[in-house]
$ cat entry_12.csv   # CSV, C-alpha atoms
chain,number,residue,atom,x,y,z
A,8,MET,CA,22.3,-10.7,5.9
A,9,THR,CA,24.9,-9.2,3.4
A,10,THR,CA,23.7,-6.7,0.9
A,11,VAL,CA,25.3,-5.3,-2.2
A,12,LYS,CA,24.6,-1.7,-3.1
A,13,ARG,CA,23.7,-0.7,-6.7
A,14,GLY,CA,26.9,-1.0,-8.7
A,15,GLU,CA,27.8,-4.7,-7.9
A,16,TRP,CA,25.3,-7.5,-8.0
A,17,LEU,CA,22.6,-5.4,-9.6
A,18,ASP,CA,24.8,-3.9,-12.3
A,19,HIS,CA,26.1,-7.3,-13.2
A,20,ALA,CA,22.6,-8.8,-13.5
A,21,LEU,CA,21.4,-5.8,-15.5
A,22,SER,CA,24.4,-5.9,-17.7
A,23,ASN,CA,23.3,-9.4,-18.8
A,24,LEU,CA,19.9,-7.9,-19.7
A,25,ASP,CA,21.1,-4.7,-21.3
A,26,CYS,CA,21.4,-6.1,-24.8
A,27,SER,CA,19.2,-7.5,-27.5
A,28,THR,CA,16.7,-10.1,-26.4
A,29,ASP,CA,18.4,-13.0,-28.2
A,30,GLU,CA,21.7,-12.2,-26.4
A,31,ALA,CA,20.3,-11.4,-23.0
A,32,ILE,CA,20.7,-13.7,-19.9
A,33,GLY,CA,17.8,-13.6,-17.5
A,34,MET,CA,17.7,-13.4,-13.7
A,35,PRO,CA,19.7,-16.2,-12.1
A,36,SER,CA,18.5,-19.0,-9.7
A,37,ALA,CA,18.7,-16.8,-6.5
A,38,SER,CA,16.1,-14.5,-7.9
A,39,TYR,CA,13.5,-17.3,-7.6
A,40,SER,CA,14.7,-19.0,-4.5
A,41,SER,CA,16.6,-16.7,-2.2
A,42,PRO,CA,14.7,-15.7,1.0
A,43,GLU,CA,16.8,-12.5,1.2
A,44,PHE,CA,16.0,-11.6,-2.4
A,45,TYR,CA,12.3,-12.3,-1.8
A,46,GLU,CA,12.2,-10.1,1.3
A,47,GLN,CA,14.0,-7.3,-0.7
A,48,GLU,CA,11.4,-7.5,-3.5
A,49,GLN,CA,8.7,-7.1,-0.8
A,50,ARG,CA,10.4,-4.0,0.6
A,51,THR,CA,10.9,-2.4,-2.8
A,52,VAL,CA,8.7,-3.7,-5.7
A,53,PHE,CA,5.6,-4.6,-3.7
A,54,HIS,CA,5.9,-1.8,-1.1
A,55,ASN,CA,6.1,1.0,-3.6
A,56,ARG,CA,3.7,-0.2,-6.3
A,57,TRP,CA,0.0,-0.4,-6.5
A,58,CYS,CA,-0.9,-4.1,-5.8
A,59,SER,CA,-4.2,-5.9,-6.2
A,60,ILE,CA,-5.5,-7.7,-3.1
A,61,GLY,CA,-9.1,-8.6,-4.0
A,62,PHE,CA,-12.3,-7.4,-5.5
A,63,ALA,CA,-15.1,-5.0,-4.6
A,64,ASN,CA,-17.5,-7.8,-5.2
A,65,ASP,CA,-16.0,-9.6,-2.2
A,66,VAL,CA,-17.8,-6.9,-0.1
A,67,PRO,CA,-20.9,-6.1,-2.1
A,68,LYS,CA,-23.1,-4.6,0.7
A,69,PRO,CA,-22.5,-2.0,3.4
A,70,GLY,CA,-21.2,-3.8,6.5
A,71,ASP,CA,-19.4,-6.5,4.5
A,72,ILE,CA,-15.9,-7.2,5.9
A,73,HIS,CA,-13.4,-9.5,4.1
A,74,PRO,CA,-10.1,-10.5,5.7
A,75,VAL,CA,-7.1,-11.1,3.5
A,76,ASP,CA,-3.4,-11.6,4.1
A,77,PHE,CA,-1.0,-10.0,1.6
A,78,LEU,CA,2.8,-10.1,1.8
A,79,GLY,CA,2.5,-11.2,5.4
A,80,GLN,CA,0.2,-8.3,6.4
A,81,ALA,CA,-3.2,-9.1,7.8
A,82,LEU,CA,-5.7,-6.8,6.2
A,83,ILE,CA,-9.5,-6.3,6.0
A,84,ILE,CA,-11.5,-5.0,3.1
A,85,VAL,CA,-14.5,-3.1,4.4
A,86,HIS,CA,-17.6,-1.7,2.7
A,87,ASP,CA,-18.6,1.2,4.9
A,88,GLU,CA,-22.0,2.9,5.3
A,89,ASP,CA,-21.1,5.6,2.8
A,90,ASN,CA,-20.6,2.9,0.1
A,91,GLN,CA,-16.8,3.4,0.2
A,92,ILE,CA,-14.5,0.4,0.0
A,93,ARG,CA,-11.7,0.8,2.5
A,94,VAL,CA,-8.7,-1.4,3.6
A,95,PHE,CA,-7.4,-1.5,7.2
A,96,HIS,CA,-4.7,-3.5,9.0
A,97,ASN,CA,-6.5,-6.3,10.8
A,98,PHE,CA,-5.4,-5.5,14.3
A,99,CYS,CA,-6.8,-3.5,17.2
A,100,PRO,CA,-4.6,-0.5,18.0
A,101,HIS,CA,-5.0,-1.2,21.7
A,102,ARG,CA,-3.0,-4.5,22.0
A,103,GLY,CA,-2.7,-5.7,18.5
A,104,THR,CA,-5.5,-8.4,18.6
A,105,GLN,CA,-6.7,-9.8,15.3
A,106,LEU,CA,-10.1,-8.2,14.7
A,107,VAL,CA,-11.7,-10.4,12.0
A,108,LYS,CA,-11.1,-14.1,11.2
A,109,GLU,CA,-13.8,-14.8,8.6
A,110,PRO,CA,-15.9,-12.8,6.1
A,111,CYS,CA,-18.9,-11.2,7.8
A,112,ASN,CA,-21.3,-8.4,7.9
A,113,LYS,CA,-21.2,-6.0,10.9
A,114,LYS,CA,-22.4,-2.6,11.9
A,115,LEU,CA,-19.2,-2.1,13.9
A,116,VAL,CA,-15.8,-3.8,14.1
A,117,VAL,CA,-15.5,-5.0,17.7
A,118,CYS,CA,-12.2,-6.3,19.2
A,119,PRO,CA,-12.9,-9.7,20.8
A,120,TYR,CA,-10.3,-9.1,23.5
A,121,HIS,CA,-11.4,-5.9,25.3
A,122,ALA,CA,-14.4,-4.8,23.3
A,123,TRP,CA,-12.9,-1.7,21.7
A,124,SER,CA,-15.3,-0.9,18.8
A,125,PHE,CA,-14.7,0.9,15.5
A,126,GLU,CA,-17.0,2.4,12.9
A,127,LEU,CA,-16.8,1.0,9.4
A,128,ASN,CA,-14.8,4.0,8.3
A,129,GLY,CA,-12.1,3.0,10.9
A,130,SER,CA,-12.8,5.7,13.5
A,131,LEU,CA,-12.9,4.6,17.2
A,132,ARG,CA,-16.4,4.3,18.6
A,133,GLN,CA,-15.7,3.2,22.1
A,134,ALA,CA,-12.7,2.2,24.3
A,135,PRO,CA,-14.1,0.8,27.6
A,136,GLY,CA,-12.1,1.9,30.6
A,137,PHE,CA,-10.3,4.7,28.7
A,138,LYS,CA,-12.0,7.9,29.8
A,139,SER,CA,-9.6,10.2,28.0
A,140,CYS,CA,-8.9,8.1,24.9
A,141,ASN,CA,-8.2,10.3,21.8
A,142,LYS,CA,-10.7,8.8,19.3
A,143,HIS,CA,-8.8,10.5,16.4
A,144,LYS,CA,-5.5,8.9,17.5
A,145,PHE,CA,-6.7,5.4,18.1
A,146,GLY,CA,-8.7,4.5,14.9
A,147,LEU,CA,-7.9,1.5,12.7
A,148,ASN,CA,-4.7,1.7,10.7
A,149,SER,CA,-5.8,2.5,7.2
A,150,VAL,CA,-4.0,1.5,3.9
A,151,ARG,CA,-4.1,3.7,0.8
A,152,THR,CA,-6.8,2.2,-1.3
A,153,THR,CA,-8.3,2.7,-4.8
A,154,ILE,CA,-10.9,0.7,-6.8
A,155,TRP,CA,-10.3,0.1,-10.5
A,156,ASN,CA,-13.0,-1.8,-12.4
A,157,ASP,CA,-13.9,-3.9,-9.3
A,158,VAL,CA,-10.3,-4.5,-8.4
A,159,VAL,CA,-9.1,-3.4,-4.9
A,160,PHE,CA,-5.6,-1.9,-5.1
A,161,ILE,CA,-3.5,-0.9,-2.2
A,162,ASN,CA,-0.2,0.9,-1.8
A,163,PHE,CA,1.9,0.7,1.3
A,164,SER,CA,4.2,3.6,0.5
A,165,GLY,CA,3.7,7.0,2.0
A,166,ASP,CA,3.0,9.1,-1.0
A,167,PRO,CA,2.3,7.0,-4.2
A,168,PRO,CA,1.2,8.5,-7.5
A,169,ASN,CA,-2.6,8.3,-8.1
A,170,LEU,CA,-3.6,4.9,-9.4
A,171,GLU,CA,-5.7,6.7,-12.0
A,172,THR,CA,-2.5,8.3,-13.4
A,173,VAL,CA,-0.5,5.1,-13.3
A,174,ILE,CA,-3.1,2.9,-15.0
A,175,SER,CA,-4.2,5.5,-17.6
A,176,PRO,CA,-2.1,4.0,-20.5
A,177,LEU,CA,-4.1,0.8,-20.1
A,178,ASP,CA,-7.4,2.7,-19.9
A,179,SER,CA,-6.4,4.5,-23.1
A,180,ARG,CA,-5.5,1.3,-24.9
A,181,TRP,CA,-8.8,-0.2,-24.1
A,182,LYS,CA,-10.9,2.9,-24.2
A,183,GLU,CA,-13.5,1.3,-26.6
A,184,HIS,CA,-14.2,-1.4,-24.0
A,185,ASP,CA,-16.5,-0.3,-21.2
A,186,PHE,CA,-15.5,-2.3,-18.1
A,187,SER,CA,-18.3,-0.7,-16.1
A,188,ILE,CA,-20.8,-3.0,-17.7
A,189,LEU,CA,-19.0,-6.2,-16.7
A,190,GLN,CA,-20.8,-8.7,-14.4
A,191,PRO,CA,-18.8,-10.7,-11.9
A,192,SER,CA,-18.9,-14.4,-12.1
A,193,THR,CA,-16.8,-17.3,-10.8
A,194,SER,CA,-13.5,-17.2,-9.0
A,195,LEU,CA,-10.7,-19.8,-9.2
A,196,ILE,CA,-7.9,-20.1,-6.7
A,197,TYR,CA,-4.6,-21.9,-7.3
A,198,GLU,CA,-1.9,-22.5,-4.7
A,199,PHE,CA,1.4,-22.7,-6.6
A,200,SER,CA,4.6,-24.2,-5.4
A,201,ALA,CA,6.4,-21.6,-7.5
A,202,ASN,CA,7.9,-18.1,-7.3
A,203,TRP,CA,5.4,-15.4,-8.4
A,204,LYS,CA,7.7,-14.2,-11.2
A,205,LEU,CA,7.4,-17.5,-13.0
A,206,ILE,CA,3.6,-17.2,-13.1
A,207,VAL,CA,4.0,-13.7,-14.7
A,208,GLU,CA,6.6,-15.0,-17.2
A,209,ASN,CA,4.3,-17.8,-18.3
A,210,PHE,CA,1.5,-15.3,-18.7
A,211,LEU,CA,3.6,-13.0,-20.8
A,212,GLU,CA,4.6,-15.4,-23.6
A,213,CYS,CA,2.8,-17.5,-26.1
A,214,TYR,CA,5.8,-19.6,-27.2
A,215,HIS,CA,4.6,-22.5,-24.9
A,216,VAL,CA,1.0,-22.5,-26.2
A,217,PRO,CA,1.3,-25.2,-28.9
A,218,CYS,CA,3.1,-27.6,-26.5
A,219,VAL,CA,1.3,-26.9,-23.2
A,220,HIS,CA,-2.2,-25.9,-24.4
A,221,PRO,CA,-3.1,-28.0,-27.4
A,222,ARG,CA,-6.9,-27.2,-27.3
A,223,LEU,CA,-6.3,-23.5,-26.7
A,224,ALA,CA,-4.1,-23.5,-29.8
A,225,THR,CA,-7.1,-24.6,-31.9
A,226,TYR,CA,-9.2,-21.5,-31.2
A,227,SER,CA,-6.4,-18.9,-30.4
A,228,LYS,CA,-3.7,-19.9,-32.8
A,229,PHE,CA,0.0,-19.3,-32.2
A,230,VAL,CA,0.3,-17.6,-35.6
A,231,ASP,CA,-2.2,-15.0,-34.7
A,232,ARG,CA,-0.3,-13.9,-31.5
A,233,TYR,CA,1.6,-10.7,-31.0
A,234,PRO,CA,3.6,-9.1,-28.2
A,235,ILE,CA,2.3,-6.1,-26.2
A,236,LEU,CA,4.9,-3.6,-24.9
A,237,PHE,CA,3.7,-0.1,-23.9
A,238,ALA,CA,4.6,2.1,-21.0
A,239,ASP,CA,6.8,0.6,-18.2
A,240,GLU,CA,4.2,-1.1,-16.2
A,241,PHE,CA,2.3,-2.9,-19.0
A,242,ILE,CA,3.6,-6.0,-20.8
A,243,GLY,CA,1.7,-8.8,-22.4
A,244,GLN,CA,0.6,-10.6,-25.5
A,245,GLY,CA,-2.5,-10.6,-27.7
A,246,SER,CA,-4.4,-12.7,-30.3
A,247,ASN,CA,-6.0,-11.4,-33.4
A,248,ALA,CA,-8.3,-14.4,-33.7
A,249,TYR,CA,-9.8,-15.7,-30.5
A,250,LYS,CA,-12.7,-17.9,-31.7
A,251,PRO,CA,-13.8,-20.7,-29.4
A,252,LYS,CA,-17.0,-22.5,-30.4
A,253,THR,CA,-20.3,-21.6,-28.7
A,254,ILE,CA,-22.5,-24.2,-27.1
A,255,LYS,CA,-26.1,-23.0,-27.4
A,256,ALA,CA,-26.0,-19.3,-28.0
A,257,GLU,CA,-23.4,-16.5,-28.3
A,258,LEU,CA,-22.4,-14.6,-25.2
A,259,PRO,CA,-22.8,-10.8,-25.5
A,260,ARG,CA,-19.8,-9.1,-26.9
A,261,TRP,CA,-18.4,-5.6,-26.5
A,262,PRO,CA,-20.8,-3.1,-28.0
A,263,HIS,CA,-19.8,-0.9,-31.0
A,264,LEU,CA,-16.9,-3.2,-32.1
A,265,SER,CA,-16.8,-4.9,-35.5
A,266,GLY,CA,-14.4,-6.4,-38.0
A,267,ASP,CA,-11.1,-7.9,-36.9
A,268,VAL,CA,-11.0,-6.1,-33.6
A,269,GLU,CA,-14.2,-7.9,-32.6
A,270,PHE,CA,-12.3,-11.2,-32.2
A,271,GLN,CA,-9.2,-9.7,-30.6
A,272,ALA,CA,-8.0,-10.8,-27.2
A,273,GLU,CA,-5.3,-9.2,-25.1
A,274,TYR,CA,-3.5,-10.3,-22.0
A,275,VAL,CA,-1.7,-7.5,-20.1
A,276,MET,CA,0.3,-7.5,-16.9
A,277,PHE,CA,-0.1,-4.4,-14.7
A,278,PHE,CA,3.2,-4.6,-12.8
A,279,PRO,CA,3.7,-6.2,-10.4
A,280,ASN,CA,0.9,-8.6,-9.5
A,281,THR,CA,-2.2,-8.0,-11.6
A,282,LEU,CA,-2.8,-9.9,-14.8
A,283,ILE,CA,-5.8,-8.9,-17.0
A,284,GLY,CA,-7.3,-10.7,-20.0
A,285,ARG,CA,-9.8,-8.9,-22.2
A,286,MET,CA,-11.5,-11.3,-24.6
A,287,PRO,CA,-14.3,-10.7,-27.1
A,288,ASP,CA,-17.1,-11.8,-24.7
A,289,HIS,CA,-15.5,-11.9,-21.2
A,290,VAL,CA,-12.7,-10.6,-19.0
A,291,PHE,CA,-10.5,-12.2,-16.4
A,292,ILE,CA,-8.4,-10.5,-13.7
A,293,TRP,CA,-5.9,-12.4,-11.8
A,294,THR,CA,-4.2,-11.2,-8.6
A,295,LEU,CA,-1.0,-12.8,-7.4
A,296,ASN,CA,-0.1,-13.0,-3.7
A,297,PRO,CA,3.5,-14.2,-3.1
A,298,THR,CA,3.7,-16.0,0.3
A,299,SER,CA,7.3,-17.2,0.1
A,300,PRO,CA,10.1,-17.5,-2.5
A,301,HIS,CA,8.6,-20.9,-3.4
A,302,GLU,CA,4.8,-20.3,-3.0
A,303,THR,CA,2.2,-18.0,-4.6
A,304,THR,CA,-1.6,-17.8,-4.3
A,305,GLU,CA,-3.2,-17.0,-7.6
A,306,ARG,CA,-6.9,-15.9,-7.7
A,307,LEU,CA,-8.7,-15.6,-11.0
A,308,GLN,CA,-11.9,-13.6,-11.2
A,309,PHE,CA,-14.1,-13.8,-14.3
A,310,TYR,CA,-16.5,-11.3,-15.7
A,311,PHE,CA,-19.1,-11.3,-18.5
A,312,ILE,CA,-20.3,-8.4,-20.6
A,313,GLY,CA,-23.6,-6.7,-19.7
A,314,ASP,CA,-26.7,-7.8,-17.7
A,315,GLU,CA,-27.9,-10.1,-20.5
A,316,SER,CA,-24.7,-12.2,-20.2
A,317,MET,CA,-25.9,-13.6,-16.8
A,318,SER,CA,-29.2,-14.9,-18.3
A,319,ASP,CA,-30.2,-18.5,-17.6
A,320,HIS,CA,-30.2,-19.4,-21.3
A,321,LEU,CA,-26.5,-18.5,-21.5
A,322,GLN,CA,-25.5,-20.6,-18.5
A,323,SER,CA,-24.0,-23.4,-20.6
A,324,ASP,CA,-21.9,-21.0,-22.6
A,325,ARG,CA,-20.7,-19.3,-19.4
A,326,GLU,CA,-19.8,-22.7,-17.9
A,327,ALA,CA,-18.0,-23.7,-21.1
A,328,THR,CA,-16.0,-20.5,-21.1
A,329,LEU,CA,-15.0,-21.1,-17.5
A,330,GLN,CA,-14.2,-24.7,-18.1
A,331,ARG,CA,-11.9,-23.8,-21.0
A,332,TRP,CA,-9.9,-21.4,-18.8
A,333,LYS,CA,-9.8,-24.0,-16.0
A,334,GLU,CA,-8.3,-26.4,-18.4
A,335,VAL,CA,-5.7,-23.9,-19.5
A,336,ASN,CA,-4.8,-22.9,-16.0
A,337,ASP,CA,-4.6,-26.5,-14.8
A,338,GLU,CA,-2.0,-27.0,-17.6
A,339,ASP,CA,-0.1,-23.9,-16.6
A,340,TYR,CA,-0.3,-25.0,-12.9
A,341,ASP,CA,1.8,-28.1,-13.7
A,342,ILE,CA,4.3,-26.5,-16.0
A,343,VAL,CA,5.0,-23.4,-13.9
A,344,GLN,CA,5.7,-25.6,-10.9
A,345,ARG,CA,8.1,-27.7,-13.0
A,346,LEU,CA,9.7,-24.4,-14.2
A,347,HIS,CA,10.3,-23.5,-10.5
A,348,ALA,CA,11.7,-26.9,-9.6
A,349,GLY,CA,14.3,-26.5,-12.4
A,350,ALA,CA,15.1,-22.8,-11.9
A,351,ARG,CA,15.9,-23.4,-8.2
A,352,SER,CA,19.1,-25.2,-9.2
A,353,GLN,CA,22.2,-23.3,-8.4
A,354,TYR,CA,23.5,-24.3,-11.8
A,355,PHE,CA,20.7,-22.4,-13.5
A,356,THR,CA,22.5,-19.2,-14.4
A,357,GLY,CA,19.5,-17.4,-16.1
A,358,ALA,CA,17.0,-17.8,-18.9
A,359,ARG,CA,17.8,-17.4,-22.6
A,360,PHE,CA,15.1,-15.7,-24.7
A,361,ALA,CA,13.7,-16.4,-28.1
A,362,ALA,CA,13.7,-12.9,-29.6
A,363,THR,CA,10.5,-13.4,-31.6
A,364,HIS,CA,8.4,-14.7,-28.6
A,365,GLU,CA,10.1,-13.7,-25.3
A,366,GLU,CA,10.9,-10.0,-25.6
A,367,THR,CA,8.1,-9.5,-23.1
A,368,ILE,CA,9.9,-11.6,-20.4
A,369,HIS,CA,13.2,-9.8,-21.2
A,370,ARG,CA,11.4,-6.5,-20.5
A,371,PHE,CA,9.8,-7.9,-17.3
A,372,HIS,CA,13.2,-9.0,-15.9
A,373,LYS,CA,14.7,-5.6,-16.5
A,374,LEU,CA,11.8,-3.9,-14.9
A,375,THR,CA,11.9,-6.1,-11.8
A,376,LEU,CA,15.6,-5.7,-11.2
A,377,ASN,CA,15.4,-1.9,-11.8
A,378,GLU,CA,12.7,-1.7,-9.1
A,379,THR,CA,15.0,-3.4,-6.6
A,380,ASN,CA,17.3,-0.7,-5.3
A,381,GLU,CA,19.4,-2.9,-3.0
A,382,ILE,CA,20.0,-6.6,-3.7
A,383,PRO,CA,20.6,-9.1,-0.9
A,384,VAL,CA,23.0,-12.0,-1.6
$ encode --input "entry_12.csv" --output "structure tokens"
Amino acid sequence: MTTVKRGEWLDHALSNLDCSTDEAIGMPSASYSSPEFYEQEQRTVFHNRWCSIGFANDVPKPGDIHPVDFLGQALIIVHDEDNQIRVFHNFCPHRGTQLVKEPCNKKLVVCPYHAWSFELNGSLRQAPGFKSCNKHKFGLNSVRTTIWNDVVFINFSGDPPNLETVISPLDSRWKEHDFSILQPSTSLIYEFSANWKLIVENFLECYHVPCVHPRLATYSKFVDRYPILFADEFIGQGSNAYKPKTIKAELPRWPHLSGDVEFQAEYVMFFPNTLIGRMPDHVFIWTLNPTSPHETTERLQFYFIGDESMSDHLQSDREATLQRWKEVNDEDYDIVQRLHAGARSQYFTGARFAATHEETIHRFHKLTLNETNEIPV
């Protein structure tokens, strides 16, 4: 593999972006289709940043273990006996055997090959036949983990900044919205034949809403949309009037809000792979798992506000809310894959941006390229 140090390929690509949005040229075809570029993104962008891999409600009870693959790494999310959520690499340090295949609840993690056993905090309990085994040396390989509002974040780098510090600008922006009262609901999973960046780009702009989402455009109108650009890691869009019709009753809304802000919805990317939507009466959090340059798994987790929101008499409105988002995401599922099919062409030299609507994507392209220190070609 040939690589170009900062100063050649990267400087050229960034020079196309280092101008006004309406004059910029986006990342070229290779950024969406090159295996070398994809691998380099994994080593830089995803290795160094806090990435979401799942949710604490995947492991609600002590002893719950949930396997997940992320960026080619086999991991397990574990709820230990001290009510801590931990993440470990899913292999036995003895010979590398996969420890867990399916979600389960266990008092110990036991290797199926030679019966090495591990506490839920990752420490070695027993290694049969190893009389002098150093239990502190042969525990499970842990991954730096932090929980933010039910989301399990990991960081593969050696000494990352605290997640609380990194995500504080978003916490400040939404300080009047108490995420601790959210109640988890349904998940949706989509397997995209598309590069992960194209899913993010589609999320960041509302320019496509009138064409791709005709029903959404009736209750979250294009004219009420605005861009969101604050701090480096946070880009998105918002709506000043998110007003779908209720079915039987009104779902609980955020307490202590009134006036125009009561009907505001905001959709923010936490770079690189976490997409968060905060609506007047519910929240969604998406996590993206790139599995190749051409494939991405997207998981959508939905939440409603407060205990009352899960009442039986509100079931039809919860279902209607979820159905609306399924309709929107089904529409996006098709268009993003068509976007990828076109962008793979070697003759696609890079996106052009509508200044009024796509400054968010322009910013995302610059952020992504700047994160990549060495660009394969």
$ residues_around --input "entry_12.csv" --residues "Met317 in chain A" --least-positions-apart "2" --cutoff "12 Å" --atoms "only C-alpha atoms" --output "PyMOL selection string"
chain A and resi 188-193+258-259+288-289+310-315+319-326
$ residues_around --input "entry_12.csv" --residues "Ile235 in chain A" --least-positions-apart "4" --cutoff "9 Å" --atoms "only C-alpha atoms" --output "JSON, numbers by chain"
{"A": [211, 241, 242, 243, 244, 245, 273, 274, 275, 367]}
$ residues_around --input "entry_12.csv" --residues "Ala348 in chain A" --least-positions-apart "3" --cutoff "12 Å" --atoms "all atoms listed in the file" --output "PyMOL selection string"
chain A and resi 36+39-40+199-202+205+300-302+341-345+351-353+355
$ write_last_selection --input "entry_12.csv" --atoms "C-alpha atoms" --output "compact mmCIF listing (two decimals), keeping the file's coordinate frame"
# COMPACT_ATOMS: atom_id res chain seq x y z
CA SER A 36 18.50 -19.00 -9.70
CA TYR A 39 13.50 -17.30 -7.60
CA SER A 40 14.70 -19.00 -4.50
CA PHE A 199 1.40 -22.70 -6.60
CA SER A 200 4.60 -24.20 -5.40
CA ALA A 201 6.40 -21.60 -7.50
CA ASN A 202 7.90 -18.10 -7.30
CA LEU A 205 7.40 -17.50 -13.00
CA PRO A 300 10.10 -17.50 -2.50
CA HIS A 301 8.60 -20.90 -3.40
CA GLU A 302 4.80 -20.30 -3.00
CA ASP A 341 1.80 -28.10 -13.70
CA ILE A 342 4.30 -26.50 -16.00
CA VAL A 343 5.00 -23.40 -13.90
CA GLN A 344 5.70 -25.60 -10.90
CA ARG A 345 8.10 -27.70 -13.00
CA ARG A 351 15.90 -23.40 -8.20
CA SER A 352 19.10 -25.20 -9.20
CA GLN A 353 22.20 -23.30 -8.40
CA PHE A 355 20.70 -22.40 -13.50
$ atom_distance --input "entry_12.csv" --atom1 "CA of His364 in chain A" --atom2 "CA of Pro251 in chain A"
23.0 Å
$ closest_residue --input "entry_12.csv" --among "A:Glu212, A:Asp18, A:Asp166, A:Asp157" --to "Thr363 in chain A" --atoms "only C-alpha atoms"
A:Glu212
$ residues_around --input "entry_12.csv" --residues "range 125-133 of chain A" --least-positions-apart "4" --cutoff "9 Å" --atoms "only C-alpha atoms" --output "PyMOL selection string"
chain A and resi 69-70+72+85-89+91+93+95+113-118+137+140-149
$ atom_distance --input "entry_12.csv" --atom1 "CA of Pro100 in chain A" --atom2 "CA of Ile83 in chain A"
14.2 Å
$ atom_distance --input "entry_12.csv" --atom1 "CA of Thr28 in chain A" --atom2 "CA of Ala362 in chain A"
5.2 Å
$ closest_residue --input "entry_12.csv" --among "A:Ile368, A:Ala361, A:Leu17, A:Val158" --to "Asp29 in chain A" --atoms "all atoms listed in the file"
A:Ala361
$ residues_around --input "entry_12.csv" --residues "range 222-225 of chain A" --least-positions-apart "2" --cutoff "12 Å" --atoms "only C-alpha atoms" --output "PyMOL selection string"
chain A and resi 213-220+227-232+246+248-252+328+330-336+338-339
$ closest_atom_pairs --input "entry_12.csv" --of "range 47-133 of chain A" --to "range 305-309 of chain A" --cutoff "12 Å" --atoms "all atoms listed in the file" --output "Markdown table"
| residue | atom | partner | partner_atom | distance |
| --- | --- | --- | --- | --- |
| A:Ser59 | CA | A:Arg306 | CA | 10.5 |
| A:Ile60 | CA | A:Arg306 | CA | 9.5 |
| A:Gly61 | CA | A:Arg306 | CA | 8.5 |
| A:Phe62 | CA | A:Gln308 | CA | 8.4 |
| A:Ala63 | CA | A:Gln308 | CA | 11.3 |
| A:Asn64 | CA | A:Gln308 | CA | 10.0 |
| A:Asp65 | CA | A:Gln308 | CA | 10.7 |
| A:Phe77 | CA | A:Glu305 | CA | 11.8 |
$ write_last_selection --input "entry_12.csv" --atoms "C-alpha atoms" --output "CSV table (one decimal), in the frame of the given file"
chain,number,residue,atom,x,y,z
A,59,SER,CA,-4.2,-5.9,-6.2
A,60,ILE,CA,-5.5,-7.7,-3.1
A,61,GLY,CA,-9.1,-8.6,-4.0
A,62,PHE,CA,-12.3,-7.4,-5.5
A,63,ALA,CA,-15.1,-5.0,-4.6
A,64,ASN,CA,-17.5,-7.8,-5.2
A,65,ASP,CA,-16.0,-9.6,-2.2
A,77,PHE,CA,-1.0,-10.0,1.6
$ closest_residue --input "entry_12.csv" --among "A:Leu78, A:Ile161, A:Leu21, A:Ala31" --to "Gln49 in chain A" --atoms "all atoms listed in the file"
A:Leu78
$ closest_residue --input "entry_12.csv" --among "A:Arg285, A:Arg180, A:Arg102, A:His121" --to "Phe237 in chain A" --atoms "all atoms listed in the file"
A:Arg180
$ residues_near_point --input "entry_12.csv" --point "(-19.1, -9.6, 5.8)" --cutoff "8 Å" --atoms "all atoms listed in the file" --output "list in words"
Val66, Gly70, Asp71, Ile72, His73, Glu109, Pro110, Cys111, Asn112 and Lys113 of chain A
$ write_last_selection --input "entry_12.csv" --atoms "C-alpha atoms" --output "PDB file, in the frame of the given file"
ATOM      1  CA  VAL A  66     -17.800  -6.900  -0.100  1.00  0.00           C
ATOM      2  CA  GLY A  70     -21.200  -3.800   6.500  1.00  0.00           C
ATOM      3  CA  ASP A  71     -19.400  -6.500   4.500  1.00  0.00           C
ATOM      4  CA  ILE A  72     -15.900  -7.200   5.900  1.00  0.00           C
ATOM      5  CA  HIS A  73     -13.400  -9.500   4.100  1.00  0.00           C
ATOM      6  CA  GLU A 109     -13.800 -14.800   8.600  1.00  0.00           C
ATOM      7  CA  PRO A 110     -15.900 -12.800   6.100  1.00  0.00           C
ATOM      8  CA  CYS A 111     -18.900 -11.200   7.800  1.00  0.00           C
ATOM      9  CA  ASN A 112     -21.300  -8.400   7.900  1.00  0.00           C
ATOM     10  CA  LYS A 113     -21.200  -6.000  10.900  1.00  0.00           C
TER      11      LYS A 113
END
$ closest_residue --input "entry_12.csv" --among "A:Ile283, A:Val52, A:Cys26, A:Val107" --to "Asn377 in chain A" --atoms "all atoms listed in the file"
A:Val52
$ axis_aligned_box --input "entry_12.csv" --around "range 78-94 of chain A" --padding-each-side "3 Å" --output "JSON"
{"center_x": -9.6, "center_y": -2.8, "center_z": 3.9, "size_x": 30.8, "size_y": 22.8, "size_z": 13.8}
